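Shown next, in structure tokens, is the structure this report addresses.
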2 protein chains.
Amino acid sequence: MLNQLEPLDRVFHALADPTRRALVERLSHRSMSVSELARPLPMSLPAVMQHLQVLESAGLVRSVKVGRTRNCALDMAALGQANRWIEARRCEWDARLDRLGDYLETLKGENDDDQSR
Amino acid sequence: MLNQLEPLDRVFHALADPTRRALVERLSHRSMSVSELARPLPMSLPAVMQHLQVLESAGLVRSVKVGRTRNCALDMAALGQANRWIEARRCEWDARLDRLGDYLETLKGENDDDQSR
DNA sequence: GGCACACTAAAGTCCTTGCTTAAGTGATGC
DNA sequence: GCATCACTTAAGCAAGGACTTTAGTGTGCC
């Protein structure tokens, strides 16, 4: 990774970890505090914090400190970015299949011409 | 990462690298040989091979050897998997917003009741 | 005030990644 | 046959990731 970390790098990297996906999954139901998120997980609280920092720097999670607790909420925008990249690939893929289909149609047409001659 | 690598882990991890996304992007236009994929990239051919192996083990790319060249093609199925995971999060998020909306409606209704008394 | 609670920061360890170079292997073309 | 082309394998290495433990910091409650 020679170049600056692009947003998509951070988003996909954040989602590549099962613990972080589990956090996102639970936050998609409702927002929670750090310790509430950490409670069911088989690791230390600092570890969970670090995962949350990864998610936050990817833009997937936003958090605000209220008193001594930090409340974490999902931010769908970053997920939307990832989604759009994937959708763009599908579009190009479909366009490719269309071109292939057109090409085959052309071949078929030429073949018909040959036969009608 | 204590547990076995889940499919989604591999897919998102594969997509987290800009070089690999570029490969997927070009393969979404048309399939290519390894050296054709490697030509524009500023790294050695073994490095590109390793990226392709990551993509292939994630199920994003399939390849067949024809003579002495290996032809690589995109496999949309794995991308679909990633897409579905993201969509599922969005659904849950929307459901959460609906519940919130219902709750606010309920409050409003109760408030109206109070006023009509 | 003072104790507990909810984080936060720092340092250290071990494993994985993303490259590199060098040395194969196995078709293709003359 | 033999050089060339298109990979393939292996080894090595610097950097980054996923934890840990230990030691703070700032709030809330009695």
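Letters A, B, ... go to the chains of the structure tokens in the order shown; residues in each chain start at 1; ligands are counted from 1 in the same order.
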*Contacts of DT25 in chain C at 12 Å or less, counting only C-alpha atoms (C1' of nucleotides), minus same-chain residues fewer than 4 places along, as a list in words?*
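The filter keeps Arg68 of chain B; DA6, DC7, DT8 and DT9 of chain D.
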*Might you pull out every residue within 8 Å of range 2-14 of chain C, with only C-alpha atoms (C1' of nucleotides) counted and same-chain residues fewer than 2 positions away left off, and present them as a ChimeraX atom specification?*
/A:35,68-70 /D:20,24-25
Keeping only N, CA and C atoms (P, O5', C5', C4', C3', O3' and C1' of nucleotides), take the residues you just selected and write them out as a PDB file, in the first residue's frame.
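Wrote again-v9.pdb, looks like this:
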```pdb
ATOM      1  N   SER A  35     -19.196   0.006  26.115  1.00  0.00           N
ATOM      2  CA  SER A  35     -19.153  -1.158  27.006  1.00  0.00           C
ATOM      3  C   SER A  35     -20.302  -2.117  26.703  1.00  0.00           C
ATOM      4  N   ARG A  68     -19.805  10.233  30.866  1.00  0.00           N
ATOM      5  CA  ARG A  68     -18.625   9.358  30.805  1.00  0.00           C
ATOM      6  C   ARG A  68     -18.824   8.203  29.854  1.00  0.00           C
ATOM      7  N   THR A  69     -19.939   8.123  29.199  1.00  0.00           N
ATOM      8  CA  THR A  69     -20.151   7.037  28.236  1.00  0.00           C
ATOM      9  C   THR A  69     -20.114   7.589  26.814  1.00  0.00           C
ATOM     10  N   ARG A  70     -19.652   6.734  25.902  1.00  0.00           N
ATOM     11  CA  ARG A  70     -19.598   7.124  24.488  1.00  0.00           C
ATOM     12  C   ARG A  70     -20.662   6.340  23.737  1.00  0.00           C
TER      13      ARG A  70
ATOM     14  P    DT D  20      -7.618  -9.511  24.008  1.00  0.00           P
ATOM     15  O5'  DT D  20      -6.231  -9.361  24.784  1.00  0.00           O
ATOM     16  C5'  DT D  20      -5.385 -10.491  24.919  1.00  0.00           C
ATOM     17  C4'  DT D  20      -4.056 -10.062  25.512  1.00  0.00           C
ATOM     18  C3'  DT D  20      -4.190  -9.350  26.852  1.00  0.00           C
ATOM     19  O3'  DT D  20      -4.026 -10.283  27.897  1.00  0.00           O
ATOM     20  C1'  DT D  20      -2.737  -8.125  25.371  1.00  0.00           C
ATOM     21  P    DG D  24       0.090   5.638  36.064  1.00  0.00           P
ATOM     22  O5'  DG D  24      -1.492   5.800  36.122  1.00  0.00           O
ATOM     23  C5'  DG D  24      -2.076   7.080  36.060  1.00  0.00           C
ATOM     24  C4'  DG D  24      -2.242   7.551  34.629  1.00  0.00           C
ATOM     25  C3'  DG D  24      -3.231   8.688  34.486  1.00  0.00           C
ATOM     26  O3'  DG D  24      -2.723   9.776  33.751  1.00  0.00           O
ATOM     27  C1'  DG D  24      -4.022   6.726  33.325  1.00  0.00           C
ATOM     28  P    DT D  25      -3.233  11.189  34.132  1.00  0.00           P
ATOM     29  O5'  DT D  25      -4.716  11.274  33.553  1.00  0.00           O
ATOM     30  C5'  DT D  25      -4.928  11.328  32.148  1.00  0.00           C
ATOM     31  C4'  DT D  25      -6.416  11.411  31.865  1.00  0.00           C
ATOM     32  C3'  DT D  25      -7.135  12.494  32.679  1.00  0.00           C
ATOM     33  O3'  DT D  25      -7.855  13.303  31.771  1.00  0.00           O
ATOM     34  C1'  DT D  25      -8.288  10.428  32.808  1.00  0.00           C
TER      35       DT D  25
END
```
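Using only C-alpha atoms (C1' of nucleotides), the part of chain D that sits within 9 Å of chain A is made up of DA18, DC19, DT20, DG26, DT27 and DG28 of chain D.
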Using only C-alpha atoms, I'd like every residue of chain B that has an atom within 10 Å of chain A; please write them out as a JSON list (two decimals) with C-alpha atoms, in the first residue's frame.
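The resulting part-v6.json:
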```
[["chain", "number", "residue", "atom", "x", "y", "z"],
["B", 1, "MET", "CA", -8.79, -13.79, 13.91],
["B", 3, "ASN", "CA", -11.89, -18.66, 13.90],
["B", 5, "LEU", "CA", -11.79, -17.41, 7.68],
["B", 6, "GLU", "CA", -15.39, -16.89, 6.64],
["B", 7, "PRO", "CA", -16.20, -16.26, 2.98],
["B", 8, "LEU", "CA", -17.20, -12.66, 3.70],
["B", 9, "ASP", "CA", -13.89, -12.08, 5.47],
["B", 10, "ARG", "CA", -12.05, -13.09, 2.35],
["B", 11, "VAL", "CA", -14.26, -11.10, 0.00],
["B", 12, "PHE", "CA", -14.05, -7.85, 1.94],
["B", 13, "HIS", "CA", -10.36, -8.34, 2.62],
["B", 14, "ALA", "CA", -9.74, -8.91, -1.08],
["B", 15, "LEU", "CA", -11.61, -5.71, -1.94],
["B", 16, "ALA", "CA", -9.74, -3.68, 0.68],
["B", 17, "ASP", "CA", -6.66, -3.37, -1.54],
["B", 18, "PRO", "CA", -6.65, -0.74, -4.33],
["B", 19, "THR", "CA", -4.56, -2.92, -6.65],
["B", 21, "ARG", "CA", -10.02, -3.46, -6.82],
["B", 24, "VAL", "CA", -11.63, -6.51, -10.46],
["B", 25, "GLU", "CA", -12.55, -3.27, -12.21],
["B", 26, "ARG", "CA", -10.67, -4.23, -15.36],
["B", 27, "LEU", "CA", -11.99, -7.78, -15.27],
["B", 28, "SER", "CA", -15.54, -6.43, -15.11],
["B", 29, "HIS", "CA", -14.96, -5.10, -18.63],
["B", 30, "ARG", "CA", -13.48, -8.29, -20.06],
["B", 74, "LEU", "CA", -14.67, -12.17, -12.80],
["B", 75, "ASP", "CA", -17.18, -14.21, -10.80],
["B", 76, "MET", "CA", -20.06, -11.96, -9.79],
["B", 79, "LEU", "CA", -19.58, -9.73, -5.14],
["B", 80, "GLY", "CA", -23.27, -10.53, -4.77],
["B", 82, "ALA", "CA", -20.89, -8.85, -0.17],
["B", 83, "ASN", "CA", -23.71, -6.81, -1.63],
["B", 84, "ARG", "CA", -26.35, -8.85, 0.16],
["B", 85, "TRP", "CA", -24.60, -8.42, 3.51],
["B", 86, "ILE", "CA", -24.59, -4.65, 3.05],
["B", 87, "GLU", "CA", -28.21, -4.64, 1.89],
["B", 88, "ALA", "CA", -29.21, -6.66, 4.95],
["B", 89, "ARG", "CA", -27.67, -3.96, 7.16],
["B", 90, "ARG", "CA", -29.60, -1.30, 5.31],
["B", 91, "CYS", "CA", -32.84, -3.24, 5.79],
["B", 92, "GLU", "CA", -32.28, -3.49, 9.52],
["B", 93, "TRP", "CA", -31.38, 0.18, 9.63],
["B", 94, "ASP", "CA", -34.58, 1.10, 7.77],
["B", 95, "ALA", "CA", -36.65, -1.12, 10.06],
["B", 96, "ARG", "CA", -35.10, 0.69, 13.00],
["B", 97, "LEU", "CA", -36.06, 4.03, 11.51]]
```
*One-decimal distance in Å that lies between CA of Ser63 in chain A and CA of Leu41 in chain A*: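 So the answer is 19.3 Å.
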*Could you work out how far CA of Arg62 in chain B lies from C1' of DT4 in chain D, giving the answer in Å with one decimal?*
27.2 Å
*Name the residues of chain A that fall into alpha helix (DSSP H) according to DSSP on the backbone, using the chain letters and numbers of this document, as a ChimeraX atom specification.*
/A:7-15,18-29,34-38,45-57,76-116
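Each of C:DC19, C:DG1, C:DC30, C:DG24 was checked against chain A using only C-alpha atoms (C1' of nucleotides); the smallest atom-to-atom distance is that of C:DC19.
Selecting strand (DSSP E or B) from the backbone DSSP output for range 42-84 of chain A yields A:Val61, A:Arg62, A:Ser63, A:Val64, A:Lys65, A:Val66, A:Thr69, A:Arg70, A:Asn71, A:Cys72, A:Ala73, A:Leu74.
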*asked:* One number please: CA of Arg39 in chain B to CA of Leu23 in chain B, in Å, one decimal.
replied: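 Result for CA of Arg39 in chain B versus CA of Leu23 in chain B: 11.4 Å, one decimal.
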Closest atom pairs, residues of chain C within 9 Å of chain B, only C-alpha atoms (C1' of nucleotides), as a tab-separated table:
```
residue	atom	partner	partner_atom	distance
C:DG18	C1'	B:Ala47	CA	7.7
C:DC19	C1'	B:Ala47	CA	6.6
C:DT20	C1'	B:Ser44	CA	8.1
C:DG26	C1'	B:Arg68	CA	7.4
C:DA27	C1'	B:Arg68	CA	5.1
C:DT28	C1'	B:Arg68	CA	8.3
```
